[in-house]
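data-v2.cif (mmCIF, C-alpha atoms) appears below.
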data_final
loop_
_atom_site.label_atom_id
_atom_site.label_comp_id
_atom_site.auth_asym_id
_atom_site.auth_seq_id
_atom_site.Cartn_x
_atom_site.Cartn_y
_atom_site.Cartn_z
CA MET A 1 -88.24 84.53 68.90
CA GLY A 2 -85.14 84.34 66.84
CA GLY A 3 -83.06 85.30 63.90
CA GLN A 4 -82.22 88.85 62.93
CA ASP A 5 -83.66 90.48 66.06
CA GLY A 6 -80.90 88.94 68.19
CA PHE A 7 -83.06 86.72 70.39
CA THR A 8 -82.09 83.15 71.09
CA ARG A 9 -84.15 80.34 69.64
CA ASP A 10 -84.83 76.67 70.23
CA LEU A 11 -85.58 74.58 67.13
CA LEU A 12 -88.54 72.23 67.51
CA ASN A 13 -87.88 68.52 67.00
CA TYR A 14 -90.63 66.04 66.18
CA GLY A 15 -89.84 62.33 66.35
CA SER A 16 -91.89 59.39 65.14
CA GLU A 17 -91.51 55.63 65.12
CA SER A 18 -93.77 52.90 63.77
CA ASN A 19 -93.38 49.13 63.94
CA SER A 20 -95.55 46.55 62.18
CA LEU A 21 -95.81 42.80 62.06
CA LEU A 22 -97.87 41.10 59.36
CA ALA A 23 -98.65 37.42 58.88
CA GLY A 24 -100.99 35.45 56.70
CA PHE A 25 -101.88 31.82 56.10
CA LYS A 26 -103.97 30.22 53.36
CA TYR A 27 -104.82 26.52 53.27
CA GLN A 28 -106.55 24.89 50.32
CA ALA A 29 -107.90 21.53 51.52
CA ASN A 30 -109.18 20.58 48.05
CA ASP A 31 -110.78 22.19 45.01
CA LYS A 32 -113.84 23.15 47.06
CA TRP A 33 -112.54 24.50 50.41
CA ASP A 34 -110.12 27.34 51.22
CA LEU A 35 -109.25 28.62 54.69
CA GLY A 36 -107.40 31.84 55.44
CA LEU A 37 -106.01 33.59 58.52
CA ASP A 38 -104.49 37.07 58.47
CA PHE A 39 -102.94 39.03 61.33
CA SER A 40 -101.32 42.44 61.73
CA TRP A 41 -99.92 44.32 64.71
CA THR A 42 -98.86 47.96 64.61
CA GLN A 43 -97.32 50.09 67.34
CA ALA A 44 -96.67 53.77 66.66
CA GLU A 45 -95.30 56.69 68.62
CA ALA A 46 -94.82 60.33 67.71
CA ALA A 47 -94.04 63.34 69.86
CA LEU A 48 -92.73 66.86 69.89
CA SER A 49 -89.61 67.26 72.02
CA PRO A 50 -89.86 69.66 74.97
CA PHE A 51 -89.00 73.20 73.95
CA GLU A 52 -88.24 76.48 75.57
CA LEU A 53 -89.34 79.88 74.32
CA SER A 54 -86.47 81.81 75.77
CA ALA A 55 -85.68 85.37 74.84
CA PRO A 56 -83.55 86.79 77.68
CA GLU A 57 -83.37 90.33 76.30
CA TYR A 58 -87.14 90.45 75.78
CA GLU A 59 -87.92 88.90 79.18
CA ALA A 60 -85.71 91.47 80.91
CA THR A 61 -87.85 94.38 79.67
CA HIS A 62 -91.35 92.80 79.51
CA PRO A 63 -93.44 90.96 82.09
CA THR A 64 -93.85 87.22 81.68
CA MET A 65 -96.72 85.81 79.63
CA SER A 66 -99.82 84.47 81.32
CA PHE A 67 -99.72 81.27 79.24
CA ASP A 68 -97.39 78.51 80.39
CA PHE A 69 -95.77 76.74 77.40
CA SER A 70 -93.96 74.14 79.55
CA GLU A 71 -96.52 71.37 78.78
CA SER A 72 -97.21 72.28 75.12
CA HIS A 73 -95.09 69.45 73.76
CA THR A 74 -97.34 66.88 75.47
CA TYR A 75 -100.33 67.91 73.31
CA SER A 76 -98.82 66.15 70.29
CA ASP A 77 -97.81 62.96 72.11
CA LEU A 78 -99.29 60.14 70.00
CA ASP A 79 -98.89 56.54 71.12
CA SER A 80 -101.09 53.75 69.80
CA THR A 81 -101.24 49.99 69.30
CA ARG A 82 -103.52 48.16 66.86
CA ILE A 83 -104.25 44.48 66.34
CA ASP A 84 -106.13 43.43 63.23
CA ALA A 85 -107.10 39.76 62.74
CA ASP A 86 -109.15 38.12 60.04
CA ALA A 87 -110.35 34.53 59.47
CA TRP A 88 -112.24 33.40 56.39
CA LEU A 89 -113.64 30.25 54.84
CA LYS A 90 -114.50 29.86 51.15
CA TYR A 91 -116.51 27.12 49.51
CA SER A 92 -116.52 26.82 45.71
CA PHE A 93 -119.59 25.17 44.20
CA ASN A 94 -117.89 25.21 40.79
CA LYS A 95 -115.38 27.45 38.94
CA GLY A 96 -117.82 30.35 38.70
CA LEU A 97 -119.84 30.22 41.93
CA TRP A 98 -118.52 30.46 45.50
CA LEU A 99 -119.59 31.29 49.05
CA ARG A 100 -117.33 33.03 51.58
CA PHE A 101 -117.67 33.67 55.33
CA ARG A 102 -115.43 36.12 57.16
CA TYR A 103 -114.79 37.13 60.78
CA HIS A 104 -112.81 40.34 61.37
CA TYR A 105 -111.46 41.62 64.73
CA ILE A 106 -109.82 45.01 65.34
CA ASP A 107 -108.49 46.25 68.68
CA TYR A 108 -107.12 49.81 68.85
CA GLN A 109 -105.46 51.12 72.02
CA ASP A 110 -104.73 54.80 72.53
CA ASP A 111 -101.74 54.36 74.85
CA ALA A 112 -101.35 58.09 75.61
CA PRO A 113 -104.75 59.81 75.55
CA TYR A 114 -104.69 63.51 76.35
CA LEU A 115 -108.06 64.95 75.28
CA TYR A 116 -110.05 61.72 75.44
CA ASP A 117 -109.34 58.01 75.06
CA THR A 118 -109.98 56.76 71.51
CA SER A 119 -109.41 53.09 72.38
CA GLY A 120 -111.91 50.54 71.19
CA THR A 121 -112.67 47.16 69.70
CA PHE A 122 -114.60 46.39 66.52
CA GLN A 123 -115.77 43.00 65.29
CA TYR A 124 -117.93 41.85 62.42
CA ILE A 125 -119.03 38.74 60.59
CA ALA A 126 -119.78 38.82 56.87
CA GLY A 127 -120.93 36.46 54.19
CA ALA A 128 -120.65 36.82 50.44
CA LEU A 129 -121.86 34.94 47.42
CA GLY A 130 -119.68 35.31 44.33
CA TRP A 131 -120.45 34.56 40.73
CA VAL A 132 -117.90 34.86 37.95
CA PHE A 133 -119.40 35.06 34.47
#

Show how you would write the structure in this file as structure tokens.
Amino acid sequence: MGGQDGFTRDLLNYGSESNSLLAGFKYQANDKWDLGLDFSWTQAEAALSPFELSAPEYEATHPTMSFDFSESHTYSDLDSTRIDADAWLKYSFNKGLWLRFRYHYIDYQDDAPYLYDTSGTFQYIAGALGWVF
């Protein structure tokens, strides 16, 4: 409640923070072979600050509500960590034809699950043949 009707109000504050670290490495042994490693780490948090729905004048004349808002701010508490790593190898037959192999790893951690845990790991291996014409 708030504003012109004379009730008190509590402004809602939402805070977020995200940190990332990225690194990459490419090594070219010769004209035929290339090797690459890539890595990223991300940690993120976001949350609504606790709030109070106080309206003393209203509460004095009306019974309390059946819904308890005291834990509402926890429903938006987001906290996650992600690691993403990639390794690849490329072989060039000539200037226009190459073969590449790739391994990719992703690990996602839901550090504050509230409905269900969305944590998981995903990995894949891929190969590609490229032709530039």

* With only C-alpha atoms counted, which protein, DNA or RNA residues have an atom no more than 9 Å from (-119.6, 34.9, 49.8) in the file frame? Please answer as a ChimeraX atom specification. => /A:90-91,98-102,126-130

* Applied to the shown file, which residues does the PyMOL selection byres ((chain A and resi 124) around 9) return, written as a list in words? -> Arg102, Tyr103, His104, Tyr105, Phe122, Gln123, Ile125 and Ala126 of chain A

* **Closest of A:Glu45, A:Asp68, A:Asp38, A:Asp107 to Lys26 in chain A - atom-to-atom distances counting only C-alpha atoms** =>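 Of A:Glu45, A:Asp68, A:Asp38, A:Asp107, the one nearest Lys26 in chain A is A:Asp38, counting only C-alpha atoms.
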
* Given the choices A:Ser49, A:Gly96, A:Ile106, A:Ala44, which gets closest to Thr81 in chain A if the distance is worked out from all atoms listed in the file? ->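 The closest residue to Thr81 in chain A is A:Ala44.
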
* To do: Just the residues within 7 Å of Ala112 in chain A, please, counting only C-alpha atoms, with nothing from its chain fewer than 3 positions along; format it as a PyMOL selection string.
  => chain A and resi 77-79

* Asked: What is the CA of Ser18 in chain A to CA of Ser119 in chain A distance in Å?
  ->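 Taking CA of Ser18 in chain A as the start and CA of Ser119 in chain A as the end point, the length is 17.9 Å.
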
* Compare A:Tyr116, A:Trp131, A:Trp41, A:Trp88 by their minimum atom-to-atom distance to Tyr75 in chain A, counting only C-alpha atoms, and give me the closest one. => A:Tyr116

* To do: Pick out the residues sitting within 12 Å of Gln43 in chain A, and hand them over as number ranges by chain; count only C-alpha atoms, and ignore anything fewer than 3 positions along from it in its own chain.
  => A: 16-21, 40, 46, 78-84, 107-111

* Residues picked by the PyMOL selection byres ((chain A and resi 95) around 10) here, as a PyMOL selection string? -> chain A and resi 31-32+92-94+96-98+131-133

Residue subset to file, keeping C-alpha atoms, as an mmCIF file, in the frame of the given file:
data_model
loop_
_atom_site.group_PDB
_atom_site.id
_atom_site.type_symbol
_atom_site.label_atom_id
_atom_site.label_comp_id
_atom_site.auth_asym_id
_atom_site.auth_seq_id
_atom_site.Cartn_x
_atom_site.Cartn_y
_atom_site.Cartn_z
ATOM 1 C CA ASP A 31 -110.780 22.190 45.010
ATOM 2 C CA LYS A 32 -113.840 23.150 47.060
ATOM 3 C CA SER A 92 -116.520 26.820 45.710
ATOM 4 C CA PHE A 93 -119.590 25.170 44.200
ATOM 5 C CA ASN A 94 -117.890 25.210 40.790
ATOM 6 C CA GLY A 96 -117.820 30.350 38.700
ATOM 7 C CA LEU A 97 -119.840 30.220 41.930
ATOM 8 C CA TRP A 98 -118.520 30.460 45.500
ATOM 9 C CA TRP A 131 -120.450 34.560 40.730
ATOM 10 C CA VAL A 132 -117.900 34.860 37.950
ATOM 11 C CA PHE A 133 -119.400 35.060 34.470
#

* Quick one: of A:Gly120, A:Gly15, A:Tyr27, A:Gly36, who's nearest to Asp86 in chain A, counting only C-alpha atoms? ->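 Counting only C-alpha atoms, the residue closest to Asp86 in chain A is A:Gly36.
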
* Asked: In terms of the shortest atom-to-atom distance over all atoms listed in the file, which of A:Tyr114, A:Phe51, A:Phe39, A:Tyr14 is closest to Ala87 in chain A?
  ->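 Selected residue with least distance to Ala87 in chain A: A:Phe39.
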
* How many Å lie between CA of Leu89 in chain A and CA of Trp33 in chain A, rounded to one decimal? -> 7.3 Å

Anything within 10 Å of (-94.2, 71.3, 71.4): list those residues as a compact mmCIF listing (two decimals) with C-alpha atoms, keeping the file's coordinate frame, counting only C-alpha atoms and sticking to the file's coordinates.
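Contents of selection16.txt, as written:
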# COMPACT_ATOMS: atom_id res chain seq x y z
CA LEU A 12 -88.54 72.23 67.51
CA ASN A 13 -87.88 68.52 67.00
CA TYR A 14 -90.63 66.04 66.18
CA ALA A 47 -94.04 63.34 69.86
CA LEU A 48 -92.73 66.86 69.89
CA SER A 49 -89.61 67.26 72.02
CA PRO A 50 -89.86 69.66 74.97
CA PHE A 51 -89.00 73.20 73.95
CA GLU A 52 -88.24 76.48 75.57
CA PHE A 69 -95.77 76.74 77.40
CA SER A 70 -93.96 74.14 79.55
CA GLU A 71 -96.52 71.37 78.78
CA SER A 72 -97.21 72.28 75.12
CA HIS A 73 -95.09 69.45 73.76
CA THR A 74 -97.34 66.88 75.47
CA TYR A 75 -100.33 67.91 73.31
CA SER A 76 -98.82 66.15 70.29
CA ASP A 77 -97.81 62.96 72.11
